[in-house]
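Asker: Contents of entry_30.txt (compact mmCIF, C-alpha atoms):
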```txt
# COMPACT_ATOMS: atom_id res chain seq x y z
CA LYS A 1 23.49 12.60 8.58
CA LEU A 2 23.52 9.88 11.21
CA ALA A 3 20.18 11.08 12.57
CA VAL A 4 18.67 10.99 9.08
CA LEU A 5 20.00 7.47 8.55
CA VAL A 6 18.59 6.29 11.89
CA MET A 7 15.16 7.69 11.01
CA LEU A 8 15.29 6.04 7.59
CA TRP A 9 15.99 2.67 9.18
CA LEU A 10 13.21 3.27 11.69
CA HIS A 11 10.82 3.80 8.78
CA ARG A 12 12.01 0.61 7.10
CA TYR A 13 11.65 -1.30 10.33
CA ALA A 14 8.12 0.07 10.78
CA LYS A 15 7.27 -1.25 7.30
CA LEU A 16 8.57 -4.66 8.37
CA VAL A 17 6.21 -4.56 11.35
CA VAL A 18 3.34 -3.68 9.00
CA GLY A 19 4.14 -6.66 6.78
CA CYS A 20 4.34 -9.05 9.74
CA THR A 21 1.07 -7.67 11.14
CA LEU A 22 -0.66 -8.28 7.82
CA LEU A 23 0.66 -11.85 7.88
CA LEU A 24 -0.65 -12.23 11.43
CA ILE A 25 -4.14 -11.07 10.44
CA ALA A 26 -4.13 -13.54 7.54
CA ALA A 27 -3.05 -16.34 9.89
CA GLY A 28 -5.84 -15.40 12.30
CA GLY A 29 -8.31 -15.54 9.44
CA MET A 30 -7.09 -19.03 8.57
CA VAL A 31 -7.65 -20.14 12.17
CA THR A 32 -11.26 -18.97 12.04
CA SER A 33 -11.91 -20.25 8.51
CA THR A 34 -10.62 -23.73 9.33
CA GLY A 35 -12.38 -23.88 12.72
CA SER A 36 -9.04 -24.33 14.47
CA GLY A 37 -9.58 -21.88 17.32
CA LEU A 38 -9.69 -24.62 19.97
CA SER A 39 -7.22 -27.00 18.34
CA VAL A 40 -4.82 -25.97 21.10
CA PRO A 41 -6.97 -25.92 24.26
CA ASP A 42 -4.48 -24.30 26.66
CA TRP A 43 -2.82 -20.89 26.78
CA PRO A 44 -0.13 -19.51 26.93
CA THR A 45 1.29 -23.04 26.71
CA THR A 46 0.66 -25.46 23.86
CA TYR A 47 -0.44 -28.84 25.23
CA GLY A 48 1.67 -28.08 28.28
CA TRP A 49 4.75 -27.17 26.24
CA ASN A 50 6.35 -23.78 26.01
CA MET A 51 4.98 -22.60 22.67
CA PHE A 52 8.49 -22.00 21.33
CA THR A 53 9.60 -25.57 22.07
CA PHE A 54 6.47 -27.37 20.91
CA PRO A 55 7.70 -30.18 18.57
CA VAL A 56 7.13 -29.59 14.87
CA SER A 57 6.10 -33.24 14.52
CA LYS A 58 2.96 -32.42 16.51
CA TRP A 59 1.91 -29.59 14.18
CA VAL A 60 -0.93 -31.55 12.58
CA GLY A 61 -4.46 -30.65 11.50
CA GLY A 62 -5.88 -27.55 13.12
CA ILE A 63 -2.95 -27.39 15.55
CA ARG A 64 -0.78 -26.22 12.66
CA TYR A 65 -2.97 -23.17 12.06
CA GLU A 66 -3.52 -22.22 15.69
CA HIS A 67 0.07 -22.78 16.80
CA THR A 68 1.49 -20.93 13.79
CA HIS A 69 -0.84 -18.05 14.57
CA ARG A 70 0.49 -17.92 18.13
CA LEU A 71 4.10 -17.93 17.00
CA ILE A 72 3.50 -15.14 14.49
CA ALA A 73 1.63 -13.17 17.16
CA SER A 74 4.55 -13.55 19.58
CA THR A 75 6.95 -12.38 16.88
CA VAL A 76 4.81 -9.33 16.12
CA GLY A 77 4.67 -8.56 19.84
CA LEU A 78 8.46 -8.65 20.09
CA LEU A 79 8.83 -6.49 16.97
CA THR A 80 6.37 -3.97 18.44
CA ILE A 81 8.34 -3.74 21.68
CA ILE A 82 11.45 -2.89 19.65
CA LEU A 83 9.48 -0.41 17.54
CA ALA A 84 8.14 1.38 20.63
CA ILE A 85 11.57 1.62 22.28
CA TRP A 86 13.29 2.70 19.07
CA THR A 87 10.65 5.33 18.31
CA TRP A 88 10.71 6.66 21.86
CA ARG A 89 14.48 7.09 21.78
CA VAL A 90 14.98 8.71 18.37
CA GLU A 91 11.67 10.28 17.31
CA PRO A 92 11.51 14.03 18.20
CA ARG A 93 7.73 14.31 17.69
CA SER A 94 5.96 13.49 20.93
CA TRP A 95 2.72 12.43 19.22
CA VAL A 96 4.58 9.84 17.17
CA ARG A 97 6.22 8.48 20.31
CA ARG A 98 2.82 8.22 21.96
CA LEU A 99 1.51 6.46 18.86
CA ALA A 100 4.22 3.81 19.15
CA VAL A 101 3.51 3.28 22.86
CA THR A 102 -0.20 3.00 22.05
CA ALA A 103 0.58 0.33 19.46
CA LEU A 104 2.52 -1.60 22.09
CA ALA A 105 -0.37 -1.36 24.57
CA VAL A 106 -2.83 -2.50 21.92
CA VAL A 107 -0.76 -5.54 20.92
CA ILE A 108 -0.50 -6.57 24.59
CA VAL A 109 -4.28 -6.32 25.02
CA GLN A 110 -4.70 -8.18 21.74
CA GLY A 111 -2.56 -11.05 23.02
CA LEU A 112 -4.59 -11.23 26.22
CA LEU A 113 -7.84 -11.27 24.24
CA GLY A 114 -6.48 -14.12 22.16
CA GLY A 115 -5.74 -16.09 25.30
CA ILE A 116 -9.14 -15.33 26.83
CA THR A 117 -10.78 -16.46 23.59
CA VAL A 118 -9.22 -19.90 24.00
CA LEU A 119 -9.67 -20.24 27.76
CA PHE A 120 -13.37 -19.34 27.60
CA TYR A 121 -14.06 -21.46 24.49
CA LEU A 122 -14.45 -18.81 21.82
CA PRO A 123 -17.15 -16.52 23.26
CA PRO A 124 -18.47 -14.43 20.32
CA ALA A 125 -18.08 -11.08 22.09
CA VAL A 126 -14.41 -11.70 22.88
CA SER A 127 -13.72 -13.15 19.43
CA ILE A 128 -15.30 -10.12 17.77
CA GLY A 129 -13.27 -7.79 19.99
CA HIS A 130 -10.13 -9.74 19.10
CA ALA A 131 -10.85 -9.31 15.39
CA GLY A 132 -11.73 -5.62 15.70
CA LEU A 133 -8.67 -4.76 17.77
CA ALA A 134 -6.44 -6.49 15.24
CA GLN A 135 -7.53 -3.97 12.60
CA ILE A 136 -6.84 -1.06 14.95
CA PHE A 137 -3.35 -2.38 15.63
CA PHE A 138 -2.70 -2.80 11.92
CA CYS A 139 -3.80 0.79 11.26
CA LEU A 140 -1.49 2.01 14.04
CA THR A 141 1.51 0.25 12.49
CA VAL A 142 0.65 1.60 9.05
CA THR A 143 0.35 5.12 10.48
CA ILE A 144 3.73 4.86 12.19
CA ALA A 145 5.32 3.63 8.97
CA LEU A 146 3.72 6.51 7.07
CA VAL A 147 4.62 9.35 9.42
CA THR A 148 8.25 8.17 9.75
CA SER A 149 8.70 8.09 5.96
CA PRO A 150 10.90 10.71 4.26
CA GLY A 151 7.99 11.74 2.06
CA TRP A 152 5.93 12.64 5.10
CA ARG A 153 8.77 14.20 7.08
CA TYR A 154 10.14 16.40 4.37
CA ALA A 155 7.00 17.20 2.38
CA VAL A 156 7.48 20.60 0.75
CA ASP A 157 3.96 21.00 -0.60
CA PRO A 158 1.50 19.24 1.73
CA VAL A 159 -2.11 18.90 0.65
CA ASP A 160 -4.53 21.06 2.62
CA ASP A 161 -8.01 19.82 1.71
CA PRO A 162 -10.53 19.83 4.60
CA MET A 163 -13.17 18.10 2.48
CA LEU A 164 -10.78 15.27 1.64
CA ARG A 165 -10.01 14.82 5.32
CA ARG A 166 -13.70 14.59 6.17
CA VAL A 167 -14.38 12.15 3.35
CA ALA A 168 -11.35 10.01 4.29
CA VAL A 169 -12.26 9.93 7.99
CA THR A 170 -15.88 9.05 7.22
CA THR A 171 -14.84 6.31 4.81
CA THR A 172 -12.41 4.88 7.35
CA ALA A 173 -15.11 4.82 10.04
CA LEU A 174 -17.54 3.09 7.69
CA ILE A 175 -14.96 0.48 6.72
CA TYR A 176 -14.20 -0.26 10.36
CA ALA A 177 -17.90 -0.55 11.19
CA GLN A 178 -18.26 -2.98 8.29
CA ILE A 179 -15.35 -5.05 9.63
CA ILE A 180 -17.04 -5.29 13.03
CA VAL A 181 -20.35 -6.31 11.44
CA GLY A 182 -18.50 -8.88 9.33
CA ALA A 183 -16.76 -10.30 12.40
CA THR A 184 -20.11 -10.40 14.21
CA MET A 185 -21.64 -12.30 11.31
CA ARG A 186 -18.77 -14.76 11.17
CA HIS A 187 -18.55 -15.49 14.89
CA ASN A 188 -22.31 -15.94 15.14
CA ASP A 189 -22.36 -18.37 12.18
CA ALA A 190 -24.64 -16.06 10.21
CA GLY A 191 -22.72 -16.26 6.95
CA LEU A 192 -25.46 -18.33 5.30
CA ALA A 193 -28.42 -16.85 7.18
CA ILE A 194 -29.56 -15.46 3.82
CA PRO A 195 -28.90 -18.22 1.27
CA ASP A 196 -29.37 -16.33 -2.00
CA PHE A 197 -27.58 -13.35 -3.57
CA PRO A 198 -27.99 -10.54 -4.56
CA LEU A 199 -31.59 -10.89 -3.40
CA ALA A 200 -32.58 -11.96 0.11
CA PHE A 201 -35.07 -14.86 0.09
CA GLY A 202 -36.00 -13.73 -3.41
CA ARG A 203 -36.71 -10.16 -2.33
CA LEU A 204 -34.83 -6.91 -2.03
CA VAL A 205 -35.51 -6.85 1.72
CA PRO A 206 -35.91 -10.12 3.66
CA HIS A 207 -39.42 -11.08 4.71
CA VAL A 208 -38.03 -13.51 7.28
CA TRP A 209 -36.19 -12.01 10.24
CA ASN A 210 -34.12 -13.38 13.10
CA MET A 211 -30.82 -12.38 14.65
CA GLY A 212 -28.73 -14.15 12.00
CA VAL A 213 -30.70 -12.64 9.11
CA ALA A 214 -30.46 -9.16 10.65
CA ILE A 215 -26.68 -9.38 11.05
CA HIS A 216 -26.21 -10.80 7.57
CA PHE A 217 -28.44 -8.21 5.92
CA ALA A 218 -26.68 -5.41 7.83
CA HIS A 219 -23.39 -6.69 6.42
CA ARG A 220 -24.76 -6.61 2.89
CA VAL A 221 -26.11 -3.09 3.27
CA GLY A 222 -22.83 -2.02 4.88
CA GLY A 223 -20.91 -3.41 1.92
CA VAL A 224 -22.88 -1.21 -0.48
CA ILE A 225 -22.37 1.85 1.71
CA VAL A 226 -18.64 1.22 2.03
CA ALA A 227 -18.24 0.72 -1.72
CA LEU A 228 -20.02 4.02 -2.41
CA ALA A 229 -17.92 5.82 0.21
CA ILE A 230 -14.70 4.51 -1.32
CA LEU A 231 -15.80 5.58 -4.79
CA ALA A 232 -16.63 9.03 -3.40
CA ALA A 233 -13.24 9.35 -1.71
CA ALA A 234 -11.37 8.16 -4.78
CA GLY A 235 -13.45 10.39 -7.05
CA HIS A 236 -12.61 13.40 -4.90
CA VAL A 237 -8.91 12.61 -5.14
CA PHE A 238 -8.89 12.08 -8.90
CA TYR A 239 -11.00 15.19 -9.53
CA HIS A 240 -9.26 17.65 -7.21
CA HIS A 241 -5.72 16.21 -6.97
CA PRO A 242 -5.07 14.28 -10.21
CA LYS A 243 -1.35 15.10 -10.19
CA ARG A 244 -0.67 14.13 -6.59
CA ARG A 245 0.63 10.58 -6.93
CA GLU A 246 0.84 10.14 -3.17
CA LEU A 247 -2.95 10.44 -3.18
CA THR A 248 -3.98 8.93 -6.52
CA ARG A 249 -2.01 5.71 -6.05
CA PRO A 250 -3.61 4.73 -2.70
CA ALA A 251 -7.00 5.88 -4.03
CA LEU A 252 -6.63 3.57 -7.03
CA LEU A 253 -5.47 0.74 -4.77
CA LEU A 254 -8.50 1.27 -2.54
CA VAL A 255 -10.85 1.01 -5.52
CA MET A 256 -9.08 -2.13 -6.71
CA LEU A 257 -9.29 -3.76 -3.29
CA VAL A 258 -12.98 -3.04 -2.80
CA SER A 259 -13.64 -4.33 -6.33
CA MET A 260 -11.79 -7.54 -5.48
CA GLN A 261 -13.77 -7.86 -2.26
CA VAL A 262 -17.11 -7.43 -4.06
CA THR A 263 -16.07 -9.90 -6.78
CA ARG A 264 -14.99 -12.41 -4.16
CA SER A 265 -18.28 -12.09 -2.31
CA VAL A 266 -20.28 -12.59 -5.51
CA ALA A 267 -18.17 -15.60 -6.54
CA LYS A 268 -18.47 -17.12 -3.08
CA ARG A 269 -22.24 -16.85 -3.21
CA ALA A 270 -22.31 -18.29 -6.73
CA THR A 271 -20.45 -21.39 -5.63
```
Could you show the structure in this file as structure tokens?
Answerer:
Amino acid sequence: KLAVLVMLWLHRYAKLVVGCTLLLIAAGGMVTSTGSGLSVPDWPTTYGWNMFTFPVSKWVGGIRYEHTHRLIASTVGLLTIILAIWTWRVEPRSWVRRLAVTALAVVIVQGLLGGITVLFYLPPAVSIGHAGLAQIFFCLTVTIALVTSPGWRYAVDPVDDPMLRRVAVTTTALIYAQIIVGATMRHNDAGLAIPDFPLAFGRLVPHVWNMGVAIHFAHRVGGVIVALAILAAAGHVFYHHPKRRELTRPALLLVMLVSMQVTRSVAKRAT
């Protein structure tokens, strides 16, 4: 019973790490959106202060966003260290232990990339890598939370659907590729390279081409492909496994999220 209780608390702790990681990604997005990436020009210190002792009175303007992002990142790093140690000590499955250690390695590299981004004045390649690695780390924490859950551990009737696995893996790869293209567009200031929507310079395919237009148009095309892939994955779940709530609920959530993303993009263009 004690072992079961320890594993239950590990699962709950892993969910806490997921929540904090999501908050960290949102904070990082705020730094980029507000142009605050160089509001604190030094690293790992903050204007020469230890980041944990930097006076709150100095958290003004863009410093507030960048410094808050650093503090959240440090917290997530500490939580990940605990997660890796805890998982290594109590988790009997070796692949799950390796997953936790991998998450720890990724968050360390992510912290270093964040520092390099500041020290080298936001080079696009490093900034894009920083954004892309953040999504990998988030997926690792979500996976750890999932595989340590009682529902996963003690599943009595697991789904064996090779086609669903292929569709899910393909959809995941497409979503990640779209994230990278989006980060590339953002860090190369190509968000308005094509000023109209849904057309491109009044046409279906742009007649004017440069690097910014190519990146932006690739992001638009990728968005359509990702939306179709998500609908295909969700459709497969609802058609073949309509009574499996552990599949239909995330499928519905995925459809809702991509719908919100499309609506947001359209509204942003309209304004």
Asker: Can you pull out the residues contacting Ile81 (chain A)? Cut-off 12 Å, using all atoms listed in the file, and skip same-chain residues under 3 positions away; I want them as an MDAnalysis selection string.
Answerer: chainID A and resid 14 17 74:78 84:88 100:108
Asker: For Leu228 (chain A), work out the shell of residues within 12 Å, counting only C-alpha atoms and skipping chain neighbours fewer than 6 positions away, then give it as a list in words.
Answerer: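 In the requested form, the answer reads Val167, Thr170, Thr171, Leu174, Ile175, Val221, Gly222, Ala234, Gly235, Leu254, Val255, Val258, Ser259 and Val262 of chain A.
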Asker: For those residues, write C-alpha atoms to a file as a compact mmCIF listing (two decimals), in the frame of the given file.
Answerer:
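Listed below is the output, selection_5.txt:
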```
# COMPACT_ATOMS: atom_id res chain seq x y z
CA VAL A 167 -14.38 12.15 3.35
CA THR A 170 -15.88 9.05 7.22
CA THR A 171 -14.84 6.31 4.81
CA LEU A 174 -17.54 3.09 7.69
CA ILE A 175 -14.96 0.48 6.72
CA VAL A 221 -26.11 -3.09 3.27
CA GLY A 222 -22.83 -2.02 4.88
CA ALA A 234 -11.37 8.16 -4.78
CA GLY A 235 -13.45 10.39 -7.05
CA LEU A 254 -8.50 1.27 -2.54
CA VAL A 255 -10.85 1.01 -5.52
CA VAL A 258 -12.98 -3.04 -2.80
CA SER A 259 -13.64 -4.33 -6.33
CA VAL A 262 -17.11 -7.43 -4.06
```
Asker: Tell me, in Å to one decimal, how far CA of Thr32 (chain A) is from CA of Thr80 (chain A).
Answerer: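 Calculated distance between CA of Thr32 (chain A) and CA of Thr80 (chain A) is 24.0 Å.
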Asker: Using only C-alpha atoms, find the one residue out of A:Arg249, A:His219, A:Arg64, A:Arg98 that sits nearest to Tyr176 (chain A).
Answerer: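 The closest residue to Tyr176 (chain A) is A:His219.
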Asker: Can you find the residues with an atom no farther than 12 Å from (-34.1, -15.6, 9.5), counting only C-alpha atoms, and report them as an MDAnalysis selection string?
Answerer: chainID A and resid 190:195 200:201 205:217
Asker: At what distance in Å, to one decimal, does CA of Gly61 (chain A) lie from CA of Gly35 (chain A)?
Answerer: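 Computing it gives 10.5 Å between the two atoms.
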Asker: Nearest residue to Ala183 (chain A) out of A:Ile128, A:Val6, A:Ile136, A:Ile72, using all atoms listed in the file?
Answerer: A:Ile128
Asker: From the options A:Leu253, A:Ala131, A:Leu204, A:Val126, which residue's atoms come nearest to Ile180 (chain A), counting all atoms listed in the file?
Answerer: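 Under the stated criterion, the closest residue is A:Ala131.
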Asker: Quick one: pull the distance between CA of Ser36 (chain A) and CA of Glu66 (chain A), Å, one decimal.
Answerer: 6.0 Å
Asker: Please identify all polymer residues within 12 Å of Arg166 (chain A), counting all atoms listed in the file, omitting same-chain residues fewer than 5 positions from it, and present them as a list in words.
Answerer: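 Near Arg166 (chain A), the qualifying residues are Asp160, Asp161, Thr171, Thr172, Ala173, Ala229, Ala232, Ala233 and His236 of chain A.
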Asker: As a PyMOL selection string, please: the residues near Val159 (chain A) (cut-off 12 Å, only C-alpha atoms, same-chain neighbours under 6 positions excluded).
Answerer: chain A and resi 152+165+237+240-241+243-247
Asker: I need every residue sitting at most 6 Å from the point (-9.9, -14.0, 18.3) (coordinates as in the file, all atoms listed in the file considered), written as a PyMOL selection string.
Answerer: chain A and resi 114+117+127+130-131
Asker: Smallest atom-to-atom distance to Ile179 (chain A): which of A:Gly48, A:Pro250, A:Gly223, A:Gly28, using all atoms listed in the file?
Answerer: A:Gly223
Asker: Counting all atoms listed in the file, which of A:Gly202, A:Ala267, A:His67, A:Gln110 gets nearest to Trp49 (chain A)?
Answerer: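 Counting all atoms listed in the file, the residue closest to Trp49 (chain A) is A:His67.
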